[in-house]
file coords_10.txt (compact mmCIF, C-alpha atoms)
# COMPACT_ATOMS: atom_id res chain seq x y z
CA GLU A 1 -11.86 0.04 19.18
CA ARG A 2 -13.26 -3.38 20.08
CA ILE A 3 -13.17 -4.55 16.44
CA GLU A 4 -9.53 -3.55 16.13
CA GLU A 5 -8.83 -5.36 19.41
CA LEU A 6 -10.59 -8.53 18.23
CA CYS A 7 -8.68 -8.49 14.95
CA ASP A 8 -5.39 -8.02 16.81
CA GLU A 9 -6.33 -10.95 19.10
CA GLY A 10 -6.74 -13.24 16.08
CA ALA A 11 -10.44 -13.18 15.23
CA ASP A 12 -11.17 -14.80 11.86
CA ILE A 13 -14.61 -13.21 11.44
CA ILE A 14 -16.44 -10.37 13.18
CA ASP A 15 -20.18 -11.13 13.57
CA ILE A 16 -22.36 -8.10 14.19
CA GLY A 17 -26.02 -8.31 15.10
CA ALA A 18 -28.54 -5.60 15.86
CA CYS A 19 -31.58 -7.70 16.73
CA SER A 20 -31.22 -10.06 19.66
CA THR A 21 -32.73 -13.51 19.33
CA ALA A 22 -31.64 -14.49 22.83
CA PRO A 23 -34.22 -16.03 25.16
CA MET A 24 -36.65 -13.49 26.61
CA SER A 25 -35.47 -10.70 24.31
CA MET A 26 -37.82 -8.40 22.43
CA ILE A 27 -37.37 -8.71 18.66
CA ALA A 28 -36.51 -5.29 17.23
CA SER A 29 -38.43 -4.05 14.20
CA GLU A 30 -36.68 -4.02 10.86
CA GLU A 31 -36.43 -0.22 11.05
CA GLU A 32 -34.82 -0.40 14.49
CA GLU A 33 -32.40 -3.09 13.32
CA LEU A 34 -31.38 -0.92 10.34
CA ALA A 35 -31.02 2.15 12.58
CA ARG A 36 -28.78 0.23 14.98
CA LEU A 37 -26.63 -0.84 12.02
CA SER A 38 -26.17 2.71 10.75
CA ILE A 39 -22.63 2.61 12.17
CA LEU A 40 -21.80 -0.54 10.17
CA PRO A 41 -19.71 1.19 7.46
CA GLN A 42 -17.37 2.60 10.13
CA LEU A 43 -17.14 -0.78 11.86
CA ILE A 44 -16.34 -2.61 8.63
CA GLU A 45 -13.69 -0.01 7.85
CA LYS A 46 -11.91 -0.89 11.12
CA SER A 47 -11.97 -4.64 10.49
CA THR A 48 -9.10 -6.52 8.89
CA VAL A 49 -11.18 -9.72 8.68
CA PRO A 50 -14.52 -10.48 6.99
CA VAL A 51 -17.59 -9.07 8.71
CA SER A 52 -20.75 -11.10 9.12
CA VAL A 53 -24.19 -9.64 9.81
CA ASP A 54 -26.46 -11.64 12.10
CA THR A 55 -29.99 -11.18 10.71
CA PHE A 56 -33.00 -13.04 9.39
CA ARG A 57 -34.22 -10.08 7.31
CA PRO A 58 -33.26 -9.82 3.61
CA ARG A 59 -33.46 -6.01 3.58
CA VAL A 60 -31.06 -5.80 6.52
CA ALA A 61 -28.74 -8.32 4.88
CA GLU A 62 -28.73 -6.28 1.67
CA PHE A 63 -27.92 -3.09 3.60
CA ALA A 64 -25.02 -4.81 5.39
CA LEU A 65 -23.63 -6.32 2.20
CA ARG A 66 -23.82 -2.92 0.48
CA CYS A 67 -21.81 -1.55 3.40
CA GLY A 68 -19.12 -4.17 2.84
CA ALA A 69 -20.13 -7.12 4.99
CA ALA A 70 -19.13 -10.44 3.43
CA ILE A 71 -21.37 -12.97 5.18
CA VAL A 72 -25.04 -13.25 6.16
CA ASN A 73 -25.49 -15.20 9.41
CA ASP A 74 -29.15 -16.14 8.92
CA GLU A 75 -30.84 -17.36 12.09
CA SER A 76 -34.28 -17.74 10.49
CA GLY A 77 -34.06 -21.52 10.29
CA GLU A 78 -35.69 -21.59 6.87
CA PHE A 79 -34.90 -21.14 3.19
CA SER A 80 -36.01 -17.78 1.80
CA PHE A 81 -35.88 -17.02 -1.91
CA GLU A 82 -35.63 -13.33 -1.03
CA MET A 83 -32.57 -13.93 1.17
CA ALA A 84 -31.12 -16.30 -1.44
CA SER A 85 -31.44 -13.57 -4.05
CA VAL A 86 -29.58 -11.06 -1.86
CA VAL A 87 -26.81 -13.56 -1.05
CA LYS A 88 -26.45 -14.56 -4.70
CA ASP A 89 -26.43 -10.96 -5.99
CA PHE A 90 -23.53 -10.09 -3.68
CA GLY A 91 -21.68 -13.43 -3.89
CA ALA A 92 -21.81 -13.43 -0.09
CA GLY A 93 -21.31 -16.21 2.38
CA TRP A 94 -24.50 -17.61 3.86
CA ILE A 95 -24.70 -19.30 7.25
CA PHE A 96 -27.86 -21.38 7.80
CA MET A 97 -28.91 -21.96 11.40
CA HIS A 98 -31.08 -24.91 12.39
CA THR A 99 -33.91 -23.94 14.74
CA GLY A 100 -36.32 -26.82 14.29
CA GLY A 101 -38.89 -24.16 13.42
CA LYS A 102 -38.76 -22.81 16.96
CA THR A 103 -37.57 -19.66 18.69
CA SER A 104 -34.81 -19.54 21.29
CA THR A 105 -37.44 -19.89 24.04
CA GLU A 106 -39.27 -22.87 22.49
CA LYS A 107 -38.13 -26.48 22.48
CA GLY A 108 -38.56 -28.70 19.45
CA VAL A 109 -39.40 -32.38 19.46
CA TYR A 110 -37.20 -34.59 17.27
CA PRO A 111 -38.75 -38.10 16.96
CA SER A 112 -35.88 -39.30 14.74
CA GLY A 113 -33.29 -37.60 16.94
CA VAL A 114 -31.94 -34.06 16.91
CA THR A 115 -28.81 -35.00 14.95
CA TYR A 116 -30.89 -36.56 12.18
CA ASP A 117 -33.13 -33.49 12.07
CA VAL A 118 -30.15 -31.13 11.83
CA LEU A 119 -28.51 -33.21 9.08
CA THR A 120 -31.80 -33.32 7.14
CA PHE A 121 -32.11 -29.54 7.46
CA PHE A 122 -28.51 -29.03 6.28
CA SER A 123 -29.13 -31.29 3.28
CA ARG A 124 -32.31 -29.46 2.30
CA MET A 125 -30.76 -26.01 2.70
CA LYS A 126 -27.69 -27.01 0.67
CA LYS A 127 -29.89 -28.38 -2.13
CA GLU A 128 -32.18 -25.36 -2.22
CA ALA A 129 -29.28 -22.89 -2.18
CA THR A 130 -27.25 -24.66 -4.86
CA ASP A 131 -30.37 -25.22 -6.99
CA TYR A 132 -30.89 -21.46 -6.72
CA GLY A 133 -27.39 -20.95 -8.13
CA ILE A 134 -25.45 -20.15 -4.97
CA ASN A 135 -21.93 -21.57 -4.95
CA GLU A 136 -21.60 -24.38 -2.41
CA GLU A 137 -18.35 -22.80 -1.20
CA CYS A 138 -20.39 -19.82 0.06
CA LEU A 139 -22.41 -21.98 2.46
CA CYS A 140 -21.84 -22.60 6.16
CA TYR A 141 -23.95 -24.73 8.48
CA ASP A 142 -24.89 -23.86 12.08
CA CYS A 143 -26.49 -26.57 14.25
CA GLY A 144 -28.26 -23.88 16.31
CA ILE A 145 -27.17 -24.66 19.85
CA GLY A 146 -29.80 -23.16 22.17
CA PHE A 147 -32.39 -22.57 19.45
CA GLY A 148 -35.42 -24.86 19.51
CA LYS A 149 -33.54 -27.46 21.51
CA SER A 150 -33.44 -28.80 25.02
CA ARG A 151 -30.16 -28.78 26.95
CA ASN A 152 -29.90 -32.53 26.25
CA ASP A 153 -30.33 -31.86 22.51
CA ASP A 154 -27.56 -29.26 22.68
CA VAL A 155 -25.21 -31.69 24.44
CA LYS A 156 -26.05 -34.41 21.92
CA LEU A 157 -25.21 -32.07 19.01
CA LEU A 158 -21.95 -31.05 20.63
CA SER A 159 -21.01 -34.72 20.98
CA GLU A 160 -21.93 -35.30 17.32
CA CYS A 161 -19.78 -32.56 15.76
CA LYS A 162 -17.78 -35.12 13.80
CA THR A 163 -20.97 -36.44 12.20
CA LEU A 164 -22.32 -32.93 11.61
CA SER A 165 -19.06 -31.84 10.00
CA GLU A 166 -20.12 -33.82 6.93
CA TYR A 167 -21.48 -30.36 6.17
CA SER A 168 -18.52 -28.06 6.15
CA PRO A 169 -17.77 -25.50 7.27
CA LEU A 170 -19.70 -26.19 10.45
CA LEU A 171 -20.43 -23.36 12.87
CA VAL A 172 -21.05 -24.24 16.50
CA GLY A 173 -22.04 -21.13 18.44
CA VAL A 174 -22.10 -21.63 22.17
CA SER A 175 -22.55 -18.37 24.01

call {"tool": "encode", "arguments": {"input": "coords_10.txt", "output": "structure tokens"}}
result
Amino acid sequence: ERIEELCDEGADIIDIGACSTAPMSMIASEEEELARLSILPQLIEKSTVPVSVDTFRPRVAEFALRCGAAIVNDESGEFSFEMASVVKDFGAGWIFMHTGGKTSTEKGVYPSGVTYDVLTFFSRMKKEATDYGINEECLCYDCGIGFGKSRNDDVKLLSECKTLSEYSPLLVGVS
């Protein structure tokens, strides 16, 4: 019912996650994440817009894409050949999230500035993905607000969206 409601309200994408990466959360096992997503086929059936799965696990991404999801919202903060293979095989969208190599409870240090670090990450991820054979039009870039950053870093990134939008589409998730 909620998916139908969101679609009626004008949602462009429905993002579904089954493993919280929020501060202080316990990371579910891969088996638990897959079990929680067992309802995914029914959810996708109700959606009139593309469905994204929020995961850092290639096996979970593959399951979701087989169910009909169109996008992998990868919060791992790193390039994975295994994930790249799954994305490429399905021709899926792939959202890369910058984490600075940290979890949502850790804070990174960015000697050259957080914006520079995020742009460098985006550049590297774009190169690795396209070198792997993934169409550039399938890529989306997430600056990772709240992940591996201080509140000041988050505010700085929000103020630098125009600069960050050099990588497009740019996802800015503030929840």

call {"tool": "residues_around", "arguments": {"input": "coords_10.txt", "residues": "Ser168 (chain A)", "least_positions_apart": "5", "cutoff": "10 Å", "atoms": "only C-alpha atoms", "output": "MDAnalysis selection string"}}
result
chainID A and resid 136:137 139:142

call {"tool": "closest_residue", "arguments": {"input": "coords_10.txt", "among": "A:Tyr167, A:Phe147, A:Phe56, A:Phe79", "to": "Phe122 (chain A)", "atoms": "only C-alpha atoms"}}
result
A:Tyr167

call {"tool": "residues_around", "arguments": {"input": "coords_10.txt", "residues": "Glu78 (chain A)", "least_positions_apart": "4", "cutoff": "12 Å", "atoms": "only C-alpha atoms", "output": "PyMOL selection string"}}
result
chain A and resi 56-57+74+82-84+95-102+121-122+124-126+128-129

call {"tool": "atom_distance", "arguments": {"input": "coords_10.txt", "atom1": "CA of Arg36 (chain A)", "atom2": "CA of Glu106 (chain A)"}}
result
26.5 Å

call {"tool": "residues_around", "arguments": {"input": "coords_10.txt", "residues": "region 6-23 of chain A", "least_positions_apart": "6", "cutoff": "10 Å", "atoms": "all atoms listed in the file", "output": "MDAnalysis selection string"}}
result
chainID A and resid 29:30 32:37 40 43:44 46:56 60 64 69:73 75:76 103:106 146:147 175

call {"tool": "atom_distance", "arguments": {"input": "coords_10.txt", "atom1": "CA of Glu166 (chain A)", "atom2": "CA of Lys88 (chain A)"}}
result
23.4 Å

call {"tool": "residues_around", "arguments": {"input": "coords_10.txt", "residues": "region 153-158 of chain A", "least_positions_apart": "6", "cutoff": "12 Å", "atoms": "only C-alpha atoms", "output": "ChimeraX atom specification"}}
result
/A:98-100,107-111,113-119,142-147,164-165,170-174

call {"tool": "atom_distance", "arguments": {"input": "coords_10.txt", "atom1": "CA of Gly148 (chain A)", "atom2": "CA of Ser80 (chain A)"}}
result
19.1 Å

call {"tool": "axis_aligned_box", "arguments": {"input": "coords_10.txt", "around": "region 104-123 of chain A", "padding_each_side": "8 Å", "output": "lines of an AutoDock Vina configuration file"}}
result
center_x = -34.0
center_y = -29.4
center_z = 13.7
size_x = 26.9
size_y = 35.8
size_z = 36.8

call {"tool": "closest_residue", "arguments": {"input": "coords_10.txt", "among": "A:Glu62, A:Glu160, A:Lys127, A:Met26", "to": "Val87 (chain A)", "atoms": "only C-alpha atoms"}}
result
A:Glu62

call {"tool": "closest_residue", "arguments": {"input": "coords_10.txt", "among": "A:Ser123, A:Ala92, A:Arg151, A:Ser112", "to": "Cys138 (chain A)", "atoms": "only C-alpha atoms"}}
result
A:Ala92
